[in-house]
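Quick look at query-v8.cif (mmCIF, C-alpha atoms and all ligand atoms):
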data_run
loop_
_atom_site.label_atom_id
_atom_site.label_comp_id
_atom_site.auth_asym_id
_atom_site.auth_seq_id
_atom_site.Cartn_x
_atom_site.Cartn_y
_atom_site.Cartn_z
CA MET A 1 7.60 18.18 3.11
CA SER A 2 9.43 14.95 3.89
CA GLN A 3 10.12 13.00 7.02
CA ASN A 4 10.89 9.57 8.36
CA SER A 5 7.75 7.52 8.61
CA LYS A 6 6.27 5.19 11.20
CA ILE A 7 4.31 3.46 8.45
CA GLU A 8 5.60 -0.09 8.53
CA TRP A 9 5.95 -0.61 4.78
CA THR A 10 7.95 2.52 3.98
CA ASP A 11 10.94 4.48 5.26
CA MET A 12 9.83 8.02 4.69
CA VAL A 13 7.12 10.18 3.23
CA TRP A 14 7.55 12.83 0.53
CA ASN A 15 4.80 15.40 0.07
CA PRO A 16 5.12 17.58 -3.04
CA LEU A 17 1.36 18.22 -2.70
CA ARG A 18 -0.89 19.32 0.13
CA GLY A 19 -4.63 18.89 0.52
CA CYS A 20 -7.19 16.48 -0.84
CA SER A 21 -10.92 15.64 -0.85
CA ARG A 22 -12.75 12.53 0.22
CA VAL A 23 -13.56 10.06 -2.47
CA SER A 24 -14.94 6.89 -0.84
CA GLN A 25 -15.66 5.04 2.42
CA GLY A 26 -11.96 4.55 3.00
CA CYS A 27 -11.56 8.32 3.42
CA THR A 28 -14.16 8.72 6.19
CA HIS A 29 -11.56 8.92 8.95
CA CYS A 30 -8.74 10.33 6.83
CA TYR A 31 -5.64 10.48 8.99
CA ALA A 32 -4.10 13.20 6.82
CA GLU A 33 -7.03 15.56 7.52
CA ARG A 34 -6.41 15.30 11.25
CA VAL A 35 -2.68 15.93 10.88
CA ALA A 36 -3.31 18.83 8.50
CA MET A 37 -5.72 20.45 10.97
CA ARG A 38 -2.84 20.90 13.40
CA PHE A 39 -0.95 22.97 10.83
CA SER A 40 -3.81 24.95 9.34
CA GLY A 41 -3.38 28.32 11.04
CA ALA A 42 -2.57 31.48 9.07
CA GLY A 43 0.90 31.17 7.63
CA GLN A 44 1.04 27.41 8.20
CA PRO A 45 1.38 24.79 5.45
CA TYR A 46 -2.26 23.63 5.46
CA HIS A 47 -3.91 27.06 5.80
CA LYS A 48 -7.28 26.98 3.95
CA LEU A 49 -6.79 23.37 2.88
CA VAL A 50 -8.69 21.87 5.82
CA GLN A 51 -11.45 23.14 8.11
CA MET A 52 -13.12 22.06 11.34
CA THR A 53 -16.69 20.76 10.94
CA SER A 54 -19.18 19.27 13.39
CA GLN A 55 -17.82 15.85 12.33
CA GLY A 56 -14.20 16.86 12.83
CA PRO A 57 -11.53 18.09 10.40
CA LYS A 58 -12.43 17.95 6.72
CA TRP A 59 -10.49 18.86 3.58
CA THR A 60 -11.80 21.95 1.80
CA GLY A 61 -11.06 20.30 -1.55
CA LYS A 62 -8.28 22.71 -2.44
CA VAL A 63 -4.94 21.17 -3.34
CA ARG A 64 -1.66 23.05 -3.34
CA THR A 65 1.42 22.01 -5.26
CA VAL A 66 4.72 22.42 -3.43
CA PRO A 67 7.35 22.90 -6.15
CA GLU A 68 10.07 23.54 -3.58
CA ALA A 69 9.57 19.97 -2.30
CA LEU A 70 10.57 18.49 -5.65
CA ALA A 71 14.26 18.81 -4.79
CA ALA A 72 14.05 16.83 -1.55
CA PRO A 73 14.87 13.30 -2.88
CA PHE A 74 18.13 14.58 -4.37
CA GLY A 75 19.31 15.31 -0.84
CA TRP A 76 18.74 11.84 0.59
CA ALA A 77 22.05 10.06 0.10
CA LYS A 78 20.91 6.71 1.50
CA PRO A 79 18.49 4.63 -0.60
CA ARG A 80 15.01 4.79 0.90
CA ARG A 81 11.54 3.47 0.33
CA VAL A 82 9.53 6.65 -0.17
CA PHE A 83 5.75 6.90 0.19
CA VAL A 84 4.72 9.67 -2.22
CA ASN A 85 2.03 12.02 -0.90
CA SER A 86 0.89 10.70 2.44
CA MET A 87 -0.96 14.04 2.80
CA SER A 88 -2.72 14.10 -0.55
CA ASP A 89 -3.34 12.03 -3.67
CA LEU A 90 -0.94 12.52 -6.57
CA PHE A 91 -3.75 11.89 -9.03
CA HIS A 92 -6.27 14.24 -7.43
CA GLU A 93 -8.36 15.92 -10.13
CA SER A 94 -6.95 19.36 -9.24
CA VAL A 95 -3.31 18.46 -9.79
CA PRO A 96 -2.08 19.53 -13.24
CA PHE A 97 -0.61 16.72 -15.32
CA GLU A 98 2.48 18.87 -15.81
CA PHE A 99 3.12 18.79 -12.09
CA ILE A 100 2.56 15.03 -11.88
CA ALA A 101 5.06 14.68 -14.73
CA SER A 102 7.58 16.70 -12.73
CA VAL A 103 7.15 14.33 -9.79
CA PHE A 104 7.74 11.36 -12.11
CA ALA A 105 10.78 13.09 -13.60
CA VAL A 106 12.34 13.47 -10.15
CA MET A 107 11.59 9.83 -9.37
CA SER A 108 13.14 8.76 -12.66
CA VAL A 109 16.52 10.31 -11.90
CA THR A 110 16.76 9.54 -8.19
CA THR A 111 16.94 5.85 -8.91
CA ARG A 112 18.56 4.96 -5.59
CA HIS A 113 15.15 5.41 -3.99
CA THR A 114 12.10 3.21 -4.40
CA TYR A 115 8.90 5.24 -4.69
CA GLN A 116 5.53 3.95 -3.53
CA VAL A 117 2.66 5.91 -5.09
CA LEU A 118 -0.77 5.08 -3.73
CA THR A 119 -4.00 6.51 -5.12
CA LYS A 120 -7.75 6.26 -4.79
CA ARG A 121 -8.09 7.84 -8.23
CA PRO A 122 -6.77 5.27 -10.70
CA GLU A 123 -9.03 6.63 -13.44
CA ARG A 124 -6.98 9.82 -13.39
CA MET A 125 -3.77 7.80 -13.27
CA VAL A 126 -4.88 6.09 -16.49
CA GLU A 127 -5.65 9.52 -17.99
CA PHE A 128 -2.22 10.76 -16.96
CA PHE A 129 -0.43 7.95 -18.79
CA LYS A 130 -2.58 8.52 -21.83
CA TRP A 131 -1.61 12.20 -21.70
CA VAL A 132 2.06 11.19 -21.45
CA LYS A 133 1.69 8.90 -24.42
CA ASP A 134 -0.16 11.44 -26.54
CA GLY A 135 1.74 14.51 -25.38
CA GLU A 136 4.83 14.44 -27.48
CA GLY A 137 7.86 15.75 -25.62
CA VAL A 138 6.29 15.73 -22.15
CA PHE A 139 9.42 14.00 -20.86
CA ASP A 140 11.96 15.70 -23.14
CA ASP A 141 14.88 17.18 -21.27
CA ASP A 142 13.89 20.66 -22.37
CA ALA A 143 10.28 20.19 -21.34
CA ILE A 144 11.23 18.81 -17.93
CA SER A 145 13.83 21.50 -17.31
CA SER A 146 11.31 24.21 -18.12
CA ARG A 147 8.92 22.84 -15.49
CA MET A 148 11.47 22.39 -12.72
CA PRO A 149 12.23 25.04 -10.10
CA LYS A 150 15.65 26.57 -10.62
CA ASP A 151 17.21 24.99 -7.53
CA ILE A 152 16.55 21.40 -8.64
CA PRO A 153 19.86 19.67 -9.33
CA TRP A 154 18.53 18.37 -12.61
CA VAL A 155 20.87 16.17 -14.66
CA PRO A 156 19.09 15.89 -18.00
CA HIS A 157 20.95 12.94 -19.47
CA HIS A 158 20.29 10.66 -16.53
CA HIS A 159 16.62 10.36 -17.10
CA ASN A 160 17.26 8.22 -20.12
CA THR A 161 18.49 5.38 -17.91
CA ARG A 162 14.95 4.10 -17.40
CA ARG A 163 13.91 0.75 -18.66
CA GLY A 164 11.83 0.90 -21.81
CA GLY A 165 9.54 -1.55 -23.46
CA TYR A 166 6.07 -1.00 -22.07
CA ASP A 167 4.11 -1.27 -25.22
CA ASN A 168 1.34 1.20 -24.85
CA CYS A 169 2.40 3.92 -22.50
CA GLY A 170 4.92 6.62 -23.09
CA PRO A 171 8.61 7.11 -22.87
CA GLY A 172 10.60 4.65 -20.86
CA PHE A 173 7.87 3.44 -18.56
CA PRO A 174 7.70 1.58 -16.31
CA TYR A 175 10.36 3.17 -14.15
CA GLU A 176 12.13 0.41 -12.29
CA ASN A 177 11.99 2.27 -8.99
CA VAL A 178 8.35 3.39 -9.07
CA TRP A 179 5.63 1.22 -7.60
CA LEU A 180 2.02 2.18 -8.29
CA GLY A 181 -0.83 1.09 -6.09
CA VAL A 182 -4.51 1.61 -5.31
CA SER A 183 -6.31 1.70 -1.98
CA VAL A 184 -8.97 -0.97 -1.76
CA GLU A 185 -11.19 -0.80 1.30
CA ASP A 186 -13.88 -3.21 0.17
CA GLN A 187 -15.04 -5.28 -2.79
CA ARG A 188 -16.63 -2.33 -4.53
CA ALA A 189 -13.37 -0.39 -4.48
CA ALA A 190 -11.54 -3.52 -5.64
CA ASP A 191 -13.86 -3.96 -8.62
CA GLU A 192 -13.58 -0.30 -9.60
CA ARG A 193 -9.89 0.29 -9.03
CA ILE A 194 -7.93 -2.89 -9.69
CA PRO A 195 -8.72 -3.19 -13.42
CA LEU A 196 -7.63 0.44 -13.84
CA LEU A 197 -4.43 -0.04 -11.86
CA LEU A 198 -3.45 -2.94 -14.06
CA LYS A 199 -3.66 -0.73 -17.15
CA VAL A 200 -0.77 1.52 -16.12
CA PRO A 201 2.93 0.75 -16.39
CA ALA A 202 4.66 0.09 -13.06
CA ALA A 203 7.58 -1.97 -11.83
CA VAL A 204 5.27 -3.15 -9.06
CA HIS A 205 1.47 -2.96 -8.98
CA PHE A 206 0.22 -3.08 -5.43
CA LEU A 207 -2.93 -2.92 -3.33
CA SER A 208 -3.32 -1.30 0.05
CA VAL A 209 -6.33 -2.97 1.61
CA GLU A 210 -6.53 -0.51 4.47
CA PRO A 211 -8.73 0.34 6.19
CA MET A 212 -10.21 -3.05 5.39
CA LEU A 213 -13.98 -2.51 5.73
CA GLY A 214 -15.23 -5.73 4.20
CA PRO A 215 -14.10 -8.97 2.57
CA VAL A 216 -12.08 -8.59 -0.61
CA ASP A 217 -12.22 -11.39 -3.13
CA LEU A 218 -9.31 -11.25 -5.55
CA GLU A 219 -10.22 -14.60 -7.03
CA ARG A 220 -12.81 -13.13 -9.33
CA PRO A 221 -12.31 -12.71 -13.06
CA MET A 222 -11.00 -9.52 -14.59
CA PRO A 223 -13.63 -7.71 -16.64
CA GLY A 224 -13.51 -8.73 -20.28
CA PRO A 225 -15.48 -10.45 -23.03
CA ASP A 226 -16.96 -13.88 -22.30
CA LEU A 227 -16.62 -15.03 -25.89
CA ASP A 228 -13.83 -14.68 -28.44
CA GLN A 229 -15.11 -12.45 -31.22
CA GLY A 230 -13.53 -14.50 -33.99
CA SER A 231 -14.08 -18.11 -32.99
CA GLY A 232 -16.94 -17.66 -30.55
CA ALA A 233 -14.99 -19.79 -28.06
CA LYS A 234 -15.54 -19.16 -24.39
CA ILE A 235 -12.85 -17.01 -22.81
CA CYS A 236 -11.90 -17.53 -19.17
CA GLN A 237 -10.63 -14.22 -17.87
CA PRO A 238 -7.80 -14.50 -15.30
CA TRP A 239 -8.53 -13.62 -11.71
CA TYR A 240 -7.45 -10.23 -10.36
CA ILE A 241 -4.78 -11.88 -8.24
CA GLN A 242 -3.30 -13.61 -11.29
CA SER A 243 -3.34 -10.51 -13.47
CA GLY A 244 -0.22 -8.69 -12.36
CA ILE A 245 -0.79 -7.73 -8.72
CA ASP A 246 2.68 -7.87 -7.16
CA TRP A 247 2.06 -6.96 -3.55
CA VAL A 248 -0.84 -6.71 -1.09
CA ILE A 249 -0.84 -4.66 2.11
CA CYS A 250 -3.63 -5.28 4.60
CA GLY A 251 -4.64 -3.41 7.72
CA GLY A 252 -7.47 -2.36 9.99
CA GLU A 253 -8.42 1.20 10.85
CA SER A 254 -6.97 3.14 13.78
CA GLY A 255 -7.74 6.50 15.36
CA PRO A 256 -10.98 8.14 16.53
CA GLY A 257 -14.13 6.40 15.27
CA ALA A 258 -12.15 3.50 13.81
CA ARG A 259 -14.24 0.74 12.24
CA PRO A 260 -13.41 -2.89 12.97
CA MET A 261 -11.83 -5.36 10.57
CA HIS A 262 -13.02 -8.95 10.83
CA PRO A 263 -10.01 -11.25 11.33
CA ASP A 264 -11.47 -13.66 8.78
CA TRP A 265 -11.33 -10.99 6.06
CA ALA A 266 -7.60 -10.54 6.68
CA ARG A 267 -7.05 -14.31 6.87
CA ASP A 268 -8.87 -14.87 3.63
CA LEU A 269 -6.86 -12.18 1.85
CA ARG A 270 -3.62 -13.66 3.23
CA ASP A 271 -4.61 -17.10 1.98
CA GLN A 272 -5.52 -15.80 -1.48
CA CYS A 273 -2.09 -14.17 -1.71
CA ALA A 274 -0.32 -17.31 -0.50
CA GLU A 275 -2.15 -19.40 -3.09
CA ALA A 276 -1.15 -16.99 -5.87
CA LYS A 277 2.39 -16.48 -4.48
CA VAL A 278 1.80 -12.74 -4.08
CA PRO A 279 3.75 -11.13 -1.18
CA PHE A 280 1.46 -10.17 1.70
CA PHE A 281 2.19 -7.47 4.28
CA PHE A 282 -0.01 -7.35 7.37
CA LYS A 283 0.36 -3.79 8.63
CA GLN A 284 -1.86 -3.76 11.71
CA PHE A 285 -5.15 -4.84 13.21
CA GLY A 286 -5.87 -1.20 14.03
CA GLU A 287 -8.11 -0.18 16.88
CA TRP A 288 -9.95 -3.49 17.14
CA ALA A 289 -8.45 -6.93 17.61
CA PRO A 290 -9.52 -10.53 18.05
CA GLY A 291 -9.30 -11.97 21.56
CA GLU A 292 -6.19 -13.98 20.76
CA ASN A 293 -4.27 -10.67 20.40
CA CYS A 294 -5.58 -9.41 23.76
CA GLY A 295 -4.91 -12.47 25.87
CA GLY A 296 -6.18 -14.04 29.08
CA PRO A 297 -9.10 -13.20 31.32
CA LEU A 298 -11.04 -10.02 30.64
CA LYS A 299 -9.18 -7.25 32.49
CA ARG A 300 -11.59 -4.33 32.25
CA THR A 301 -14.79 -3.18 30.60
CA GLU A 302 -14.28 -3.54 26.88
CA GLN A 303 -16.17 -2.40 23.83
CA VAL A 304 -16.81 -5.40 21.65
CA ALA A 305 -18.11 -5.88 18.13
CA HIS A 306 -19.89 -8.91 16.70
CA TRP A 307 -20.20 -9.46 12.98
CA PHE A 308 -23.62 -10.68 11.88
CA GLY A 309 -22.85 -11.57 8.32
CA ASP A 310 -23.46 -8.13 6.87
CA GLN A 311 -23.11 -5.65 9.73
CA TRP A 312 -21.37 -4.99 13.02
CA CYS A 313 -23.26 -5.01 16.31
CA PHE A 314 -21.57 -3.18 19.19
CA SER A 315 -21.85 -3.78 22.93
CA THR A 316 -19.70 -3.82 26.09
CA LEU A 317 -18.41 -6.58 28.31
CA THR A 318 -17.41 -6.07 31.95
CA PRO A 319 -15.30 -8.49 34.00
CA SER A 320 -17.86 -8.49 36.85
CA GLY A 321 -20.77 -9.14 34.53
CA SER A 322 -18.91 -11.86 32.69
CA VAL A 323 -17.22 -13.85 35.43
CA GLY A 324 -14.40 -15.95 34.06
CA MET A 325 -14.77 -14.39 30.64
CA HIS A 326 -11.63 -14.69 28.53
CA TYR A 327 -10.82 -12.39 25.64
CA ASP A 328 -10.79 -15.21 23.17
CA ASP A 329 -14.10 -16.72 24.29
CA GLU A 330 -16.70 -15.08 22.13
CA PRO A 331 -16.97 -11.65 20.50
CA THR A 332 -15.42 -11.14 17.12
CA VAL A 333 -13.22 -8.19 18.07
CA TYR A 334 -12.42 -5.94 21.05
CA ARG A 335 -11.59 -2.25 21.00
CA VAL A 336 -8.21 -2.44 22.72
CA GLY A 337 -6.26 0.21 20.79
CA LYS A 338 -3.66 -0.05 18.09
CA ARG A 339 -0.73 -0.89 20.34
CA THR A 340 -2.40 -3.88 22.03
CA ALA A 341 -4.07 -5.02 18.82
CA GLY A 342 -0.64 -5.26 17.27
CA ARG A 343 0.53 -6.72 13.98
CA HIS A 344 0.06 -10.44 14.57
CA LEU A 345 -2.36 -12.38 12.44
CA ASP A 346 -2.82 -15.92 13.73
CA GLY A 347 0.15 -15.53 16.02
CA ARG A 348 2.73 -14.18 13.60
CA THR A 349 3.69 -11.15 11.57
CA HIS A 350 3.55 -11.05 7.77
CA ASP A 351 6.19 -8.69 6.37
CA GLU A 352 6.64 -9.71 2.79
CA PHE A 353 7.78 -7.26 0.10
CA PRO A 354 7.81 -7.64 -3.66
CA GLU A 355 10.89 -7.90 -5.77
CA ALA A 356 10.91 -5.19 -8.41
CA LYS A 357 10.64 -6.61 -11.91
S1 LIG B 1 -7.61 10.04 -0.82
FE1 LIG B 1 -6.29 9.72 0.98
S2 LIG B 1 -5.64 11.77 1.62
FE2 LIG B 1 -7.39 12.02 0.22
S3 LIG B 1 -9.18 12.14 1.59
FE3 LIG B 1 -8.95 10.00 0.96
S4 LIG B 1 -7.73 9.04 2.60
FE4 LIG B 1 -7.48 11.28 2.78
#
Kindly transcribe the structure held in the file into structure tokens.
Amino acid sequence: MSQNSKIEWTDMVWNPLRGCSRVSQGCTHCYAERVAMRFSGAGQPYHKLVQMTSQGPKWTGKVRTVPEALAAPFGWAKPRRVFVNSMSDLFHESVPFEFIASVFAVMSVTTRHTYQVLTKRPERMVEFFKWVKDGEGVFDDDAISSRMPKDIPWVPHHHNTRRGGYDNCGPGFPYENVWLGVSVEDQRAADERIPLLLKVPAAVHFLSVEPMLGPVDLERPMPGPDLDQGSGAKICQPWYIQSGIDWVICGGESGPGARPMHPDWARDLRDQCAEAKVPFFFKQFGEWAPGENCGGPLKRTEQVAHWFGDQWCFSTLTPSGSVGMHYDDEPTVYRVGKRTAGRHLDGRTHDEFPEAK
């Protein structure tokens, strides 16, 4: 239900839900599906939530709430960064709003922890906050207590310590210790998800551009009217990156079938963040890396990928067939594995975090 995490931008994961379903290109090689498959036997936590197909493990689409996991954060004495639902999506369409509200209630009273909630379903996140706003009493002490399992050490008065003041969304939001983010694998996902993310109240709004499958331009205007209705004057909408994005994580894909990330896409995203003074965290290159991360003369036969402007072209290079070939001579990226590919972008790591507002 919870465990220390190897994910570089968090300390631990907390899973009050299990199961999911694929929603976009970024889900094609879902890591959680593969992990779940290992624990899907009868009597195991992911039984009937994932199944083996000819393309590998795949979610069945069923999602199970785990009420007994709600108590876990109360037991962690040390402040942690907590990634919420690494094995699901809190805003999956099958998760009742009442349960999501219970998760938020726990986060609101365990203020020593910082919670990082990442979704590919921001439209449902927007719906949730509308439900909170419209649903009188959703966060009343009595309402919360009635939803909580009996063993939760619930302290009703504490949940009023949240910061108030968000003008259009519910009681006491944003919570100072809750960061809300969307996964953005390409420009299409960015255009669909970022405007929705920026509608919800959060201490930190963040993007996880991982697996990065294409360039992501954050210097494009937010959707909105071109002309002011009253005066008819032209309105210049602010760029995404200027509109309240507080943190950007970037990374390439790892694991079986991983797709390459072009180093220039990551560089460009880094530079956009630097220009806008938005903290940038480079998590990993993933399975594929540019030659500068591999180093020296070609050591063995390598799979390589060239980018031709709109698609990857794959081939192999062998030391004997490419006498004197160095890794950094030509192809865009080499399949050298996550460990060798590493976390350096242009020779250094980028480990910036946001300051909560
Ligand atoms: S939303 Fe996340 S957990 Fe769900 S299928 Fe996609 S990658 Fe996997």
Shortest contact to ligand LIG 1 (chain B), candidates A:Thr53, A:Gln25, A:Ser145, A:Ser88, atoms counted all atoms listed in the file, goes to A:Ser88
Give me, please, the distance in Å between atom CA of Tyr327 of chain A and atom CA of Leu298 of chain A, quoted to one decimal.
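It comes out at 5.5 Å.
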Could you list, as a count of residues only, all the residues within 10 Å of ligand LIG 1 (chain B), counting all atoms listed in the file? 35
Which of these, A:Ser102, A:Gln116, A:Thr301, A:Ser94, has the shortest distance to Phe139 of chain A once you count all atoms listed in the file?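 Of A:Ser102, A:Gln116, A:Thr301, A:Ser94, the one nearest Phe139 of chain A, counting all atoms listed in the file, is A:Ser102.
Coordinates place atom CA of Phe281 of chain A at a distance of 24.6 Å from atom CA of Ala305 of chain A.
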Gly181 of chain A proximity check over A:Asp142, A:Asp246, A:Glu127, A:Asp228, using all atoms listed in the file: winner is A:Asp246
One residue among A:Thr332, A:Gln44, A:Ser208, A:Gln272 is nearest to Phe308 of chain A when using all atoms listed in the file, and that residue is A:Thr332
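Atom CA of Met37 of chain A is found 7.6 Å from atom CA of Met52 of chain A.
Every protein, DNA or RNA residue with an atom at most 10 Å from Val178 of chain A, where all atoms listed in the file count and chain neighbours fewer than 5 positions away do not, is listed here: Arg81, Val82, Val84, Phe104, Met107, Ser108, Thr111, His113, Thr114, Tyr115, Gln116, Val117, Phe173, Pro201, Ala202, Ala203, Val204, His205 and Ala356 of chain A.
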Residues around (0.6, -17.8, -3.2), cut-off 12 Å, counting only C-alpha atoms - what are they as number ranges by chain?
A: 219, 241-242, 245-248, 269-280, 352
Could you dump the residues just selected with C-alpha atoms as a JSON list (two decimals), in the frame of the given file?
[["chain", "number", "residue", "atom", "x", "y", "z"],
["A", 219, "GLU", "CA", -10.22, -14.60, -7.03],
["A", 241, "ILE", "CA", -4.78, -11.88, -8.24],
["A", 242, "GLN", "CA", -3.30, -13.61, -11.29],
["A", 245, "ILE", "CA", -0.79, -7.73, -8.72],
["A", 246, "ASP", "CA", 2.68, -7.87, -7.16],
["A", 247, "TRP", "CA", 2.06, -6.96, -3.55],
["A", 248, "VAL", "CA", -0.84, -6.71, -1.09],
["A", 269, "LEU", "CA", -6.86, -12.18, 1.85],
["A", 270, "ARG", "CA", -3.62, -13.66, 3.23],
["A", 271, "ASP", "CA", -4.61, -17.10, 1.98],
["A", 272, "GLN", "CA", -5.52, -15.80, -1.48],
["A", 273, "CYS", "CA", -2.09, -14.17, -1.71],
["A", 274, "ALA", "CA", -0.32, -17.31, -0.50],
["A", 275, "GLU", "CA", -2.15, -19.40, -3.09],
["A", 276, "ALA", "CA", -1.15, -16.99, -5.87],
["A", 277, "LYS", "CA", 2.39, -16.48, -4.48],
["A", 278, "VAL", "CA", 1.80, -12.74, -4.08],
["A", 279, "PRO", "CA", 3.75, -11.13, -1.18],
["A", 280, "PHE", "CA", 1.46, -10.17, 1.70],
["A", 352, "GLU", "CA", 6.64, -9.71, 2.79]]
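Considering all atoms listed in the file, the residue among A:Asp11, A:Glu355, A:Glu98, A:Glu93 positioned nearest to Lys78 of chain A is A:Asp11.
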Segment 16-28 of chain A: axis-aligned bounding box, 8 Å on each side, centre and edge lengths in Å, one decimal, as JSON:
{"center_x": -5.3, "center_y": 11.9, "center_z": 1.6, "size_x": 36.8, "size_y": 30.8, "size_z": 25.2}
Discussion item. Which residues are near Gly75 of chain A? Cut-off 12 Å, all atoms listed in the file, ignore same chain within fewer than 3 positions. Put them as a VMD selection string.
Written reply: chain A and resid 2 69 to 72 78 to 80 106 110 112 to 113 151 to 153
Might you pull out every residue within 6 Å of Phe282 of chain A, with only C-alpha atoms counted and same-chain residues fewer than 2 positions away left off, and present them as a PyMOL selection string? chain A and resi 249-250+284+350
*For Trp265 of chain A, please output as a ChimeraX atom specification all residues within 9 Å (counting all atoms listed in the file; exclusion window: fewer than 4 positions along the same chain).*
/A:212-216,261,269-270
One residue among A:Leu317, A:Ala289, A:Leu17, A:Ala190 is nearest to Glu302 of chain A when using all atoms listed in the file, and that residue is A:Leu317
